[in-house]
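Q: Below is the file query.csv, which contains CSV, C-alpha atoms.
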chain,number,residue,atom,x,y,z
A,140,MET,CA,54.1,56.7,49.7
A,141,LYS,CA,56.3,59.8,49.5
A,142,LEU,CA,53.9,61.9,51.4
A,143,PHE,CA,53.6,59.3,54.0
A,144,ALA,CA,57.4,59.2,54.4
A,145,LEU,CA,57.6,62.9,54.9
A,146,PHE,CA,54.9,62.8,57.5
A,147,LYS,CA,56.7,60.0,59.3
A,148,ARG,CA,60.0,61.8,59.4
A,149,ARG,CA,58.5,64.9,60.8
A,150,GLU,CA,56.8,62.9,63.5
A,151,THR,CA,60.0,61.1,64.6
A,152,GLN,CA,62.3,64.1,64.5
A,153,PRO,CA,63.0,64.9,68.1
A,154,GLY,CA,62.6,68.4,69.6
A,155,THR,CA,65.9,70.4,69.6
A,156,ALA,CA,64.8,73.0,72.3
A,157,PRO,CA,66.4,71.0,75.2
A,158,VAL,CA,69.7,71.0,73.3
A,159,ALA,CA,69.5,74.8,72.9
A,160,ARG,CA,68.7,75.2,76.5
A,161,GLU,CA,71.6,73.2,77.7
A,162,ARG,CA,74.1,74.8,75.3
A,163,LEU,CA,73.0,78.2,76.4
A,164,GLN,CA,73.3,77.3,80.1
A,165,VAL,CA,76.8,76.0,79.7
A,166,LEU,CA,77.9,78.9,77.5
A,167,LEU,CA,76.5,81.7,79.7
A,168,ALA,CA,77.8,80.2,82.9
A,169,HIS,CA,81.2,80.4,81.3
A,170,GLU,CA,80.7,83.9,79.8
A,171,ARG,CA,79.4,85.3,83.1
A,172,ALA,CA,82.4,83.9,85.1
A,173,SER,CA,84.9,85.6,82.8
A,174,PRO,CA,83.6,88.8,81.5
A,175,ARG,CA,85.5,90.0,78.5
A,176,GLN,CA,87.6,93.1,79.2
A,177,PRO,CA,87.4,95.1,76.0
A,178,ASN,CA,90.0,97.6,77.3
A,179,LEU,CA,92.4,95.3,79.2
A,180,LEU,CA,95.4,96.7,77.5
A,181,GLY,CA,94.4,100.3,78.1
A,182,ALA,CA,93.7,99.6,81.8
A,183,LEU,CA,96.9,97.7,82.3
A,184,LYS,CA,98.9,100.4,80.6
A,185,ASP,CA,97.4,103.2,82.7
A,186,GLU,CA,98.0,101.4,85.9
A,187,ILE,CA,101.6,100.3,85.0
A,188,ILE,CA,102.5,103.9,84.1
A,189,GLU,CA,100.9,105.1,87.3
A,190,ALA,CA,102.9,102.6,89.3
A,191,ILE,CA,106.2,103.4,87.6
A,192,THR,CA,105.8,107.2,87.9
A,193,ARG,CA,105.2,106.7,91.6
A,194,HIS,CA,108.8,105.6,91.9
A,195,VAL,CA,110.7,107.0,88.9
A,196,SER,CA,110.0,110.2,87.0
A,197,VAL,CA,109.3,109.2,83.4
A,198,LYS,CA,107.0,110.6,80.8
A,199,PRO,CA,104.0,108.5,79.9
A,200,GLU,CA,105.3,108.2,76.4
A,201,ALA,CA,108.4,106.5,77.7
A,202,VAL,CA,106.3,103.5,78.7
A,203,LYS,CA,105.4,101.0,75.9
A,204,VAL,CA,102.9,98.2,76.7
A,205,LYS,CA,102.2,95.5,74.2
A,206,ILE,CA,100.1,92.3,74.4
A,207,GLU,CA,101.0,89.5,72.1
A,208,ARG,CA,98.2,87.0,71.8
A,209,ARG,CA,99.1,83.4,71.0
A,210,ALA,CA,96.9,80.3,70.9
A,211,ALA,CA,97.5,79.1,74.5
A,212,ILE,CA,99.1,82.2,76.1
A,213,SER,CA,99.3,85.9,75.8
A,214,ILE,CA,102.6,87.8,76.3
A,215,LEU,CA,102.6,91.2,78.0
A,216,ARG,CA,105.7,93.2,77.1
A,217,ILE,CA,106.5,96.4,79.0
A,218,ALA,CA,109.4,98.6,77.9
A,219,VAL,CA,110.3,101.7,80.0
A,220,ASN,CA,113.0,104.2,79.0
A,221,ILE,CA,114.3,105.5,82.3
A,222,PRO,CA,116.5,108.6,81.9
A,223,ALA,CA,120.0,108.1,83.3
B,251,MET,CA,57.2,111.3,87.7
B,252,ALA,CA,58.6,110.5,84.2
B,253,LYS,CA,60.1,107.2,83.5
B,254,VAL,CA,62.8,106.6,80.9
B,255,VAL,CA,62.7,103.1,79.4
B,256,VAL,CA,65.2,101.7,77.0
B,257,VAL,CA,64.0,99.0,74.6
B,258,THR,CA,67.2,97.0,73.9
B,259,SER,CA,68.4,93.5,72.8
B,260,GLY,CA,71.9,93.4,71.6
B,261,LYS,CA,70.9,91.3,68.6
B,262,GLY,CA,69.3,93.0,65.6
B,263,GLY,CA,66.0,92.2,64.0
B,264,VAL,CA,64.3,90.8,67.2
B,265,GLY,CA,61.6,93.5,67.3
B,266,LYS,CA,62.9,96.5,69.2
B,267,THR,CA,61.4,99.1,66.9
B,268,THR,CA,58.1,97.2,66.5
B,269,SER,CA,57.9,96.8,70.3
B,270,THR,CA,58.8,100.5,71.0
B,271,ALA,CA,56.0,101.7,68.6
B,272,ALA,CA,53.4,99.2,69.9
B,273,LEU,CA,54.1,99.8,73.6
B,274,GLY,CA,54.3,103.6,73.1
B,275,ALA,CA,50.9,103.6,71.4
B,276,ALA,CA,49.4,101.3,73.9
B,277,LEU,CA,50.6,103.5,76.8
B,278,ALA,CA,49.3,106.6,75.1
B,279,LEU,CA,45.9,104.9,74.6
B,280,ASN,CA,45.9,104.4,78.4
B,281,GLY,CA,46.0,108.1,78.9
B,282,GLN,CA,49.8,108.4,79.4
B,283,LYS,CA,51.9,111.1,77.8
B,284,VAL,CA,54.4,109.2,75.8
B,285,VAL,CA,57.4,110.0,73.6
B,286,VAL,CA,59.2,107.4,71.6
B,287,VAL,CA,62.8,108.3,70.8
B,288,ASP,CA,64.9,106.7,68.0
B,289,PHE,CA,68.5,106.3,69.0
B,290,ASP,CA,69.6,104.5,65.9
B,291,VAL,CA,71.6,107.5,64.5
B,292,GLY,CA,72.4,106.9,60.8
B,293,LEU,CA,69.8,104.1,60.4
B,294,ARG,CA,66.6,105.5,61.7
B,295,ASN,CA,63.4,103.5,61.3
B,296,LEU,CA,61.1,104.2,64.1
B,297,ASP,CA,59.7,107.1,62.0
B,298,LEU,CA,58.8,104.6,59.2
B,299,VAL,CA,57.2,102.1,61.6
B,300,MET,CA,55.2,104.9,63.1
B,301,GLY,CA,54.2,106.3,59.7
B,302,ALA,CA,55.8,109.7,60.3
B,303,GLU,CA,58.7,109.4,57.8
B,304,ARG,CA,57.5,112.4,55.7
B,305,ARG,CA,57.1,114.6,58.7
B,306,VAL,CA,60.7,114.5,60.0
B,307,VAL,CA,62.3,118.0,60.0
B,308,TYR,CA,64.6,118.1,63.0
B,309,ASP,CA,65.9,115.2,65.1
B,310,LEU,CA,67.5,114.0,68.3
B,311,VAL,CA,71.0,115.1,67.1
B,312,THR,CA,70.0,118.6,66.0
B,313,VAL,CA,68.2,119.1,69.3
B,314,ALA,CA,71.2,117.8,71.3
B,315,GLN,CA,73.5,120.0,69.4
B,316,GLY,CA,71.3,123.0,70.2
B,317,ASN,CA,70.5,123.6,66.5
B,318,ALA,CA,66.7,123.1,67.0
B,319,LYS,CA,64.3,123.3,69.9
B,320,LEU,CA,62.8,120.1,71.3
B,321,ASN,CA,59.3,121.1,70.3
B,322,GLN,CA,60.4,121.8,66.7
B,323,ALA,CA,61.7,118.2,66.5
B,324,LEU,CA,58.9,116.4,68.2
B,325,ILE,CA,56.4,114.9,65.8
B,326,ARG,CA,52.9,114.6,67.4
B,327,ASP,CA,51.0,111.5,66.4
B,328,LYS,CA,48.0,112.1,64.3
B,329,ARG,CA,46.0,109.1,65.6
B,330,VAL,CA,46.7,109.1,69.3
B,331,GLU,CA,46.7,112.1,71.5
B,332,ASN,CA,49.6,112.2,74.0
B,333,LEU,CA,51.9,110.3,71.7
B,334,ALA,CA,55.0,111.9,70.1
B,335,LEU,CA,58.1,110.8,68.2
B,336,LEU,CA,61.6,112.1,68.4
B,337,PRO,CA,63.3,110.8,65.3
B,338,ALA,CA,67.0,109.9,64.9
B,339,SER,CA,69.2,111.7,62.4
B,340,GLN,CA,70.4,110.2,59.1
B,341,THR,CA,73.9,111.6,59.6
B,342,ARG,CA,76.7,109.0,59.3
B,343,ASP,CA,78.7,110.5,62.0
B,344,LYS,CA,78.0,108.3,65.0
B,345,ASP,CA,79.7,110.6,67.4
B,346,ALA,CA,77.3,113.5,66.5
B,347,LEU,CA,75.3,112.9,69.6
B,348,SER,CA,77.2,114.3,72.6
B,349,GLU,CA,76.8,113.0,76.2
B,350,LYS,CA,76.1,116.4,77.5
B,351,GLY,CA,73.6,117.3,74.8
B,352,LEU,CA,71.7,114.0,75.3
B,353,ALA,CA,71.5,114.5,79.0
B,354,ARG,CA,69.8,117.9,78.4
B,355,VAL,CA,67.3,116.5,75.9
B,356,ILE,CA,66.4,113.6,78.3
B,357,LYS,CA,65.9,116.1,81.1
B,358,GLU,CA,63.6,118.2,78.9
B,359,LEU,CA,61.6,115.1,77.8
B,360,ARG,CA,61.2,114.0,81.4
B,361,ALA,CA,59.6,117.4,82.1
B,362,GLN,CA,57.1,117.0,79.3
B,363,PHE,CA,56.1,113.3,79.3
B,364,ASP,CA,55.2,110.5,81.6
B,365,TRP,CA,57.1,107.9,79.5
B,366,VAL,CA,60.3,108.4,77.5
B,367,ILE,CA,60.8,105.2,75.5
B,368,CYS,CA,64.2,104.9,73.9
B,369,ASP,CA,64.5,102.6,70.9
B,370,SER,CA,68.1,101.3,71.0
B,371,PRO,CA,70.2,100.4,68.0
B,372,ALA,CA,71.4,96.8,67.8
B,373,GLY,CA,74.9,96.0,69.0
B,374,ILE,CA,76.8,97.1,72.1
B,375,GLU,CA,78.5,100.1,70.5
B,376,ARG,CA,78.2,103.8,71.4
B,377,GLY,CA,74.7,104.2,70.1
B,378,ALA,CA,73.3,101.4,72.3
B,379,MET,CA,75.2,102.6,75.3
B,380,MET,CA,73.8,106.1,74.8
B,381,ALA,CA,70.3,104.7,74.5
B,382,MET,CA,70.6,102.9,77.9
B,383,ARG,CA,72.6,105.6,79.7
B,384,HIS,CA,69.7,107.5,81.3
B,385,ALA,CA,67.2,104.6,81.6
B,386,ASP,CA,65.2,103.9,84.8
B,387,ALA,CA,64.0,100.7,83.3
B,388,ALA,CA,64.9,98.4,80.4
B,389,ILE,CA,62.8,96.2,78.3
B,390,ILE,CA,65.0,93.4,76.9
B,391,VAL,CA,63.5,92.1,73.7
B,392,THR,CA,64.4,88.5,73.1
B,393,ASN,CA,63.5,85.8,70.5
B,394,PRO,CA,63.3,82.3,71.8
B,395,GLU,CA,66.5,81.4,69.9
B,396,VAL,CA,70.1,80.8,71.1
B,397,SER,CA,71.8,83.8,69.6
B,398,SER,CA,69.2,86.3,70.8
B,399,VAL,CA,69.2,84.8,74.3
B,400,ARG,CA,73.0,85.0,74.5
B,401,ASP,CA,73.0,88.7,73.3
B,402,SER,CA,70.3,89.5,75.9
B,403,ASP,CA,72.5,88.1,78.6
B,404,ARG,CA,75.3,90.4,77.4
B,405,ILE,CA,73.0,93.4,77.4
B,406,ILE,CA,71.8,92.6,80.9
B,407,GLY,CA,75.4,92.7,82.1
B,408,LEU,CA,75.9,96.1,80.5
B,409,LEU,CA,72.7,97.5,82.0
B,410,ASP,CA,74.1,96.6,85.4
B,411,ALA,CA,77.5,98.3,84.7
B,412,LYS,CA,77.3,101.1,82.1
B,413,THR,CA,74.1,103.1,83.0
B,414,GLU,CA,73.8,106.3,85.0
B,415,LYS,CA,71.8,104.3,87.6
B,416,ALA,CA,74.6,101.8,87.9
B,417,ALA,CA,77.1,104.6,88.4
B,418,LYS,CA,75.0,105.8,91.3
B,419,GLY,CA,75.0,102.3,92.8
B,420,GLU,CA,71.3,101.9,91.9
B,421,ARG,CA,69.8,99.3,89.6
B,422,VAL,CA,67.9,99.6,86.3
B,423,GLU,CA,64.6,97.8,86.5
B,424,LYS,CA,64.7,95.0,83.9
B,425,TYR,CA,61.9,93.3,82.1
B,426,LEU,CA,62.0,90.6,79.5
B,427,LEU,CA,59.8,90.8,76.4
B,428,ILE,CA,59.7,87.6,74.4
B,429,THR,CA,58.8,88.2,70.8
B,430,ARG,CA,58.1,86.0,67.8
B,431,TYR,CA,56.9,83.2,70.1
B,432,ASP,CA,55.3,80.2,68.6
B,433,GLN,CA,53.4,78.3,71.3
B,434,ALA,CA,52.8,75.3,69.1
B,435,ARG,CA,56.5,74.9,68.2
B,436,ALA,CA,57.5,75.5,71.9
B,437,GLY,CA,55.0,72.8,72.9
B,438,ARG,CA,56.5,70.3,70.5
B,439,GLY,CA,60.0,71.0,71.9
B,440,GLU,CA,61.1,72.7,68.7
B,441,MET,CA,61.6,76.2,70.2
B,442,LEU,CA,62.8,77.4,73.6
B,443,LYS,CA,59.9,77.7,76.0
B,444,THR,CA,59.2,80.9,77.9
B,445,ASP,CA,60.3,79.2,81.2
B,446,ASP,CA,63.6,78.1,79.5
B,447,VAL,CA,64.4,81.7,78.6
B,448,LEU,CA,63.3,83.1,82.0
B,449,ASP,CA,65.4,80.4,83.8
B,450,ILE,CA,68.5,81.3,81.8
B,451,LEU,CA,68.2,85.1,81.9
B,452,SER,CA,66.5,85.4,85.4
B,453,VAL,CA,64.7,88.7,84.5
B,454,PRO,CA,61.0,89.1,85.2
B,455,LEU,CA,58.7,88.7,82.3
B,456,LEU,CA,56.8,91.7,80.8
B,457,GLY,CA,55.1,89.8,78.1
B,458,ILE,CA,55.1,87.2,75.4
B,459,ILE,CA,54.3,88.4,71.9
B,460,PRO,CA,53.2,85.7,69.5
B,461,GLU,CA,54.7,85.4,66.0
B,462,SER,CA,52.1,86.9,63.8
B,463,GLU,CA,51.5,88.2,60.2
B,464,GLN,CA,49.9,91.2,61.8
B,465,VAL,CA,53.2,92.7,62.8
B,466,LEU,CA,54.4,92.9,59.2
B,467,ARG,CA,51.1,94.1,58.0
B,468,ALA,CA,51.2,97.0,60.6
B,469,SER,CA,54.7,98.0,59.6
B,470,ASN,CA,53.7,98.0,55.9
B,471,LEU,CA,51.0,100.5,56.8
B,472,GLY,CA,53.2,102.6,59.1
B,473,GLN,CA,51.1,101.9,62.1
B,474,PRO,CA,52.0,100.5,65.5
B,475,VAL,CA,50.4,97.0,65.6
B,476,THR,CA,48.4,98.1,68.7
B,477,LEU,CA,46.7,100.7,66.5
B,478,ALA,CA,46.6,98.8,63.2
B,479,ASN,CA,44.6,95.9,64.6
B,480,PRO,CA,43.9,96.3,68.3
B,481,LEU,CA,42.2,92.9,68.5
B,482,SER,CA,44.9,90.9,66.9
B,483,ALA,CA,47.0,88.5,69.0
B,484,PRO,CA,50.2,90.6,69.1
B,485,ALA,CA,48.3,93.8,69.8
B,486,ARG,CA,46.6,92.2,72.8
B,487,ALA,CA,49.9,90.9,74.0
B,488,TYR,CA,51.5,94.4,73.7
B,489,ASN,CA,48.5,95.9,75.5
B,490,ASP,CA,48.9,93.5,78.4
B,491,ALA,CA,52.6,94.3,78.5
B,492,ALA,CA,51.8,98.1,78.6
B,493,ARG,CA,49.3,97.6,81.4
B,494,ARG,CA,51.9,95.6,83.4
B,495,LEU,CA,54.3,98.6,82.9
B,496,LEU,CA,51.6,100.7,84.5
B,497,GLY,CA,51.6,98.4,87.4
B,498,ASP,CA,48.4,96.5,86.6
B,499,ILE,CA,48.3,92.8,87.4
B,500,VAL,CA,47.5,91.1,84.1
B,501,ALA,CA,47.2,87.3,83.9
B,502,LEU,CA,49.9,85.9,81.6
B,503,ASN,CA,48.7,83.9,78.6
B,504,VAL,CA,49.8,84.0,75.1
B,505,PRO,CA,47.0,85.4,73.0
B,506,ASN,CA,46.4,83.3,69.9
B,507,GLU,CA,44.9,84.2,66.6
B,508,ARG,CA,42.4,81.4,66.5
B,509,PHE,CA,39.3,83.5,67.3
B,510,ASN,CA,40.4,86.1,64.8
B,511,LEU,CA,41.1,83.5,62.1
B,512,LEU,CA,37.6,82.1,62.6
B,513,GLY,CA,36.2,85.6,62.5
B,514,ARG,CA,38.1,86.3,59.3
B,515,ILE,CA,36.9,83.1,57.7
B,516,PHE,CA,33.3,83.7,58.6
B,517,GLY,CA,33.7,87.4,57.8
B,518,GLY,CA,35.1,86.5,54.4
B,519,ARG,CA,32.2,84.1,53.7
B,520,ALA,CA,29.6,86.7,54.7
B,521,ALA,CA,31.1,89.3,52.4
Take the structure from the file and write it as structure tokens.
A:
Amino acid sequence: MKLFALFKRRETQPGTAPVARERLQVLLAHERASPRQPNLLGALKDEIIEAITRHVSVKPEAVKVKIERRAAISILRIAVNIPA
Amino acid sequence: MAKVVVVTSGKGGVGKTTSTAALGAALALNGQKVVVVDFDVGLRNLDLVMGAERRVVYDLVTVAQGNAKLNQALIRDKRVENLALLPASQTRDKDALSEKGLARVIKELRAQFDWVICDSPAGIERGAMMAMRHADAAIIVTNPEVSSVRDSDRIIGLLDAKTEKAAKGERVEKYLLITRYDQARAGRGEMLKTDDVLDILSVPLLGIIPESEQVLRASNLGQPVTLANPLSAPARAYNDAARRLLGDIVALNVPNERFNLLGRIFGGRAA
């Protein structure tokens, strides 16, 4: 009886490959659309410093860039010490 | 002209090293001059899979640093003419390999060999990036399993962005090698089918390597599976893949072990 039950369960268990396929298609469509930027902060900082120094003469150290990540939003804080 | 091929995957444990060794040996058996290069600095293993672990003196890093000549570091295979190994170092300093030094080593290898096959470390860190940097072509090793397919997709993106070819506005040729494939399970809908993986990744198929006990047996012995048991299903699949790399048109079917099994049973009875 037990053997028979095992056999039966295996027989009726549906294949999971279609689920895998669909999950992958959805996930990868999303990941390809928004490629992660590992150095977003660095890139932003460089470009911000570049833009500021185009107009005001400041040292790169005088520019502080910070990203605060929260659940729904991220806050980008930029602080520039401009000499009087 | 020499071709630099990176064997990569993103995910670990999918069969990069096994595939590098098997394809390298298969190409060499086809008369090509081949070097297999281990890029897994700190965790080298290609030497072990190739059965050359006791012959390592110098390595990729010492050559790149200029502390040894390339020919002092190359280990010539004892079984197959034309096949050589350039091992990785065991140093824990991942930055020991410099961009400039590596570029010089690759240039020297190109001059000596027809095929330079780079066994990439897992992941997308510096080591993996160095392994793909100079590639003309990439073999993406993928298991028919969700995490492996996702990581392959990630690696494909990097091949299109972070290689020397990409910087020149050219494209790295990409080929998919599906390993650990179980045709029966795929047929029952328990495992992603080859077509599923190809649809998702849209990279041309180089070969399908069936799941087989022969792969572990070969690595136990320190032999590429294409040398350990050339008639086994995985060896035949790797041979077909190697011939496709050489430009041959080889019909795609997944070799199975049935004939071999029968042969073994009968062989066993006779003995």
Q: If you measure from CA of Thr270 (chain B) to CA of Val291 (chain B), what distance in Å do you get, rounded to one decimal?
A: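 According to the coordinates, CA of Thr270 (chain B) and CA of Val291 (chain B) are separated by 16.0 Å.
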Q: Taking into account all atoms listed in the file, which residue in the set B:Ile428, B:Val306, B:Ala271, B:Val256 is nearest to Gln473 (chain B)?
A: B:Ala271
Q: Nearest residue to Val197 (chain A) out of A:Pro153, A:Gly181, A:Ala159, A:Ile221, using all atoms listed in the file?
A: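 Of A:Pro153, A:Gly181, A:Ala159, A:Ile221, the one nearest Val197 (chain A) is A:Ile221, counting all atoms listed in the file.
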Q: Could I get the residues of chain B with an atom no further than 7 Å from an atom of chain A, each paired with its nearest atom pair and that distance in Å to one decimal, using all atoms listed in the file, sorted by chain and residue number, as a Markdown table?
A:
| residue | atom | partner | partner_atom | distance |
| --- | --- | --- | --- | --- |
| B:Val396 | CA | A:Ala159 | CA | 6.3 |
| B:Arg438 | CA | A:Gly154 | CA | 6.5 |
| B:Gly439 | CA | A:Gly154 | CA | 4.3 |
| B:Glu440 | CA | A:Gly154 | CA | 4.6 |
| B:Met441 | CA | A:Ala156 | CA | 5.0 |
| B:Leu442 | CA | A:Ala156 | CA | 5.0 |
| B:Asp446 | CA | A:Arg160 | CA | 6.6 |
| B:Ile450 | CA | A:Gln164 | CA | 6.5 |
Q: Please write the residues from the selection above to a file, keeping C-alpha atoms, as a CSV table (one decimal), keeping the file's coordinate frame.
A:
chain,number,residue,atom,x,y,z
B,396,VAL,CA,70.1,80.8,71.1
B,438,ARG,CA,56.5,70.3,70.5
B,439,GLY,CA,60.0,71.0,71.9
B,440,GLU,CA,61.1,72.7,68.7
B,441,MET,CA,61.6,76.2,70.2
B,442,LEU,CA,62.8,77.4,73.6
B,446,ASP,CA,63.6,78.1,79.5
B,450,ILE,CA,68.5,81.3,81.8
Q: What separation in Å, quoted to one decimal, exists between CA of Leu293 (chain B) and CA of Ser402 (chain B)?
A: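 Separation of CA of Leu293 (chain B) and CA of Ser402 (chain B): 21.3 Å.
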Q: Here is a test: counting all atoms listed in the file, which residue of B:Thr312, B:Thr413, B:Asn317, B:Asn332 is nearest to Met380 (chain B)?
A: B:Thr413
Q: Please identify all polymer residues within 12 Å of Ile191 (chain A), counting only C-alpha atoms, omitting same-chain residues fewer than 2 positions from it, and present them as a list in words.
A: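 In the requested form, the answer reads Lys184, Asp185, Glu186, Ile187, Ile188, Glu189, Arg193, His194, Val195, Ser196, Val197, Lys198, Pro199, Ala201, Val202, Lys203, Ile217, Ala218, Val219, Asn220 and Ile221 of chain A.
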Q: Neighbouring residues of Ile374 (chain B) were defined as those with any atom within 10 Å, considering only C-alpha atoms; residues of the same chain fewer than 6 positions away were excluded. Please report them as a PyMOL selection string.
A: chain B and resi 258-261+380+401+404-405+408
Q: Go through B:Ala334, B:Ala381, B:Ile356, B:Val391 and flag the residue nearest Leu277 (chain B), using only C-alpha atoms for the distances.
A: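 Answer, going by the shortest atom-to-atom distance: B:Ala334.
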Q: Could you work out how far CA of Leu426 (chain B) lies from CA of Ile389 (chain B), giving the answer in Å with one decimal?
A: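 Going from CA of Ile389 (chain B) over to CA of Leu426 (chain B) covers 5.8 Å.
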